[in-house]
Amino acid sequence: MTSGGYYDIDAILATQQKLPCTFRLDVPGLGFLESEETHDIKEGQRVELPYWLAELLGIRETLDIGRPKMLSAGVCNALKASPRHVDLRGQSTHFYAAAAKYLDWSDRPDQLAQVIIETFRSRVTKLADHAHEPAVTAAAGPKVVAPADLAFLRGLDELERSLFKMEYDSINAVNAWMTRSRDI
């Protein structure tokens, strides 16, 4: 996925994913996280916080972290049924990285991880197929992309987009090498 290094922009952006959190205790002065009407957060209050903040407060056992919307039961059921038809980018631009971060906190990481792994396996094969298709055919002109395929390509998260670009660039490099002039 991402290297997760300090300067890794994808890792930073993945930690911006909002998680539903429930506070275990009253916290004075943090009401601005939810709204500007109150100054305090009360025990049992639900607030959506970015992962990086939820993680810090979770370590201190200040709150319980819930499942993010991008991994809701409905989304997971859709991923199990037909992973290629789910718009991952619409769920999170860094879906896989954010999901991996969440798995650190999940109480059932094995089941959720299996759904994510199977989603990736299914989608990466279709992604590779699209990278191998020529964008232009010699006689027919520009290739017309089917609406379903276009929706799939638009729904790629950042990891999938980077894999698609690497695959596409490597295919073009191999084709350029194969058609090079062989004058020695």
# chains A, B, ... in the order shown; residues from 1 in each chain; ligands from 1
call {"tool": "residues_around", "arguments": {"residues": "range 49-56 of chain A", "least_positions_apart": "6", "cutoff": "6 Å", "atoms": "only C-alpha atoms", "output": "MDAnalysis selection string"}}
result
chainID A and resid 15:19
call {"tool": "residues_around", "arguments": {"residues": "Thr125 in chain A", "least_positions_apart": "2", "cutoff": "12 Å", "atoms": "only C-alpha atoms", "output": "list in words"}}
result
Pro83, Arg84, Glu118, Thr119, Phe120, Arg121, Ser122, Arg123, Leu127, Ala128, Asp129, His130, Ala131, His132, Glu160, Leu163, Phe164 and Glu167 of chain A
call {"tool": "closest_residue", "arguments": {"among": "A:Asn77, A:Gln45, A:Ser92, A:Thr22", "to": "Gly155 in chain A", "atoms": "only C-alpha atoms"}}
result
A:Ser92
call {"tool": "select_by_dssp", "arguments": {"residues": "range 36-136 of chain A", "states": "helix (DSSP H, G or I)", "output": "PyMOL selection string"}}
result
chain A and resi 51-59+69-71+73-81+83-85+88-91+95-103+109-132
call {"tool": "closest_residue", "arguments": {"among": "A:Ser170, A:Pro109, A:Val27, A:Ala14", "to": "His94 in chain A", "atoms": "only C-alpha atoms"}}
result
A:Ala14
call {"tool": "residues_around", "arguments": {"residues": "Ile41 in chain A", "least_positions_apart": "2", "cutoff": "10 Å", "atoms": "only C-alpha atoms", "output": "JSON, numbers by chain"}}
result
{"A": [23, 24, 25, 26, 27, 28, 29, 30, 31, 32, 33, 34, 35, 38, 39, 43, 44, 45, 46, 47]}
call {"tool": "write_last_selection", "arguments": {"atoms": "N, CA and C atoms", "output": "mmCIF file, in the first residue's frame"}}
result
data_model
loop_
_atom_site.group_PDB
_atom_site.id
_atom_site.type_symbol
_atom_site.label_atom_id
_atom_site.label_comp_id
_atom_site.auth_asym_id
_atom_site.auth_seq_id
_atom_site.Cartn_x
_atom_site.Cartn_y
_atom_site.Cartn_z
ATOM 1 N N PHE A 23 -17.375 9.113 23.056
ATOM 2 C CA PHE A 23 -16.534 9.474 24.196
ATOM 3 C C PHE A 23 -16.935 8.669 25.432
ATOM 4 N N ARG A 24 -15.940 8.217 26.183
ATOM 5 C CA ARG A 24 -16.152 7.426 27.389
ATOM 6 C C ARG A 24 -16.303 8.308 28.634
ATOM 7 N N LEU A 25 -15.937 9.556 28.514
ATOM 8 C CA LEU A 25 -15.986 10.451 29.654
ATOM 9 C C LEU A 25 -16.246 11.883 29.202
ATOM 10 N N ASP A 26 -16.582 12.749 30.153
ATOM 11 C CA ASP A 26 -16.784 14.162 29.842
ATOM 12 C C ASP A 26 -15.426 14.800 29.552
ATOM 13 N N VAL A 27 -15.380 15.612 28.506
ATOM 14 C CA VAL A 27 -14.144 16.293 28.143
ATOM 15 C C VAL A 27 -14.442 17.785 28.011
ATOM 16 N N PRO A 28 -14.010 18.581 28.971
ATOM 17 C CA PRO A 28 -14.290 20.016 28.891
ATOM 18 C C PRO A 28 -13.433 20.689 27.820
ATOM 19 N N GLY A 29 -14.040 21.630 27.120
ATOM 20 C CA GLY A 29 -13.305 22.459 26.167
ATOM 21 C C GLY A 29 -13.158 21.892 24.770
ATOM 22 N N LEU A 30 -13.656 20.697 24.508
ATOM 23 C CA LEU A 30 -13.520 20.116 23.166
ATOM 24 C C LEU A 30 -14.822 20.123 22.378
ATOM 25 N N GLY A 31 -15.793 20.856 22.809
ATOM 26 C CA GLY A 31 -17.080 20.915 22.127
ATOM 27 C C GLY A 31 -16.995 21.421 20.707
ATOM 28 N N PHE A 32 -15.961 22.181 20.412
ATOM 29 C CA PHE A 32 -15.802 22.705 19.052
ATOM 30 C C PHE A 32 -15.599 21.602 18.023
ATOM 31 N N LEU A 33 -15.222 20.409 18.467
ATOM 32 C CA LEU A 33 -15.062 19.300 17.536
ATOM 33 C C LEU A 33 -16.387 18.902 16.901
ATOM 34 N N GLU A 34 -17.476 19.054 17.628
ATOM 35 C CA GLU A 34 -18.792 18.669 17.140
ATOM 36 C C GLU A 34 -19.574 19.863 16.609
ATOM 37 N N SER A 35 -19.623 20.924 17.389
ATOM 38 C CA SER A 35 -20.347 22.115 16.973
ATOM 39 C C SER A 35 -19.836 23.293 17.789
ATOM 40 N N THR A 38 -21.767 24.122 21.961
ATOM 41 C CA THR A 38 -21.375 23.680 23.295
ATOM 42 C C THR A 38 -19.870 23.816 23.455
ATOM 43 N N HIS A 39 -19.451 23.867 24.693
ATOM 44 C CA HIS A 39 -18.019 23.985 24.958
ATOM 45 C C HIS A 39 -17.420 22.683 25.463
ATOM 46 N N GLU A 43 -19.955 12.463 28.199
ATOM 47 C CA GLU A 43 -19.789 11.016 28.105
ATOM 48 C C GLU A 43 -20.909 10.435 27.247
ATOM 49 N N GLY A 44 -20.557 9.540 26.332
ATOM 50 C CA GLY A 44 -21.528 8.911 25.444
ATOM 51 C C GLY A 44 -21.819 9.698 24.181
ATOM 52 N N GLN A 45 -21.274 10.889 24.055
ATOM 53 C CA GLN A 45 -21.522 11.715 22.864
ATOM 54 C C GLN A 45 -20.757 11.140 21.669
ATOM 55 N N ARG A 46 -21.439 11.097 20.527
ATOM 56 C CA ARG A 46 -20.833 10.587 19.286
ATOM 57 C C ARG A 46 -20.320 11.756 18.460
ATOM 58 N N VAL A 47 -19.086 11.631 17.993
ATOM 59 C CA VAL A 47 -18.437 12.659 17.191
ATOM 60 C C VAL A 47 -17.646 11.962 16.090
#
call {"tool": "closest_residue", "arguments": {"among": "A:Ser181, A:Thr93, A:Gln111, A:Thr62", "to": "Arg154 in chain A", "atoms": "only C-alpha atoms"}}
result
A:Thr93
call {"tool": "closest_residue", "arguments": {"among": "A:Phe95, A:Phe152, A:Glu133, A:Asp10", "to": "Ile171 in chain A", "atoms": "only C-alpha atoms"}}
result
A:Glu133
call {"tool": "select_by_dssp", "arguments": {"residues": "chain A", "states": "strand (DSSP E or B)", "output": "ChimeraX atom specification"}}
result
/A:18-23,27-28,40-41,46-50,63-65,136-137,141-142
call {"tool": "atom_distance", "arguments": {"atom1": "CA of Leu156 in chain A", "atom2": "CA of Asn172 in chain A"}}
result
20.8 Å
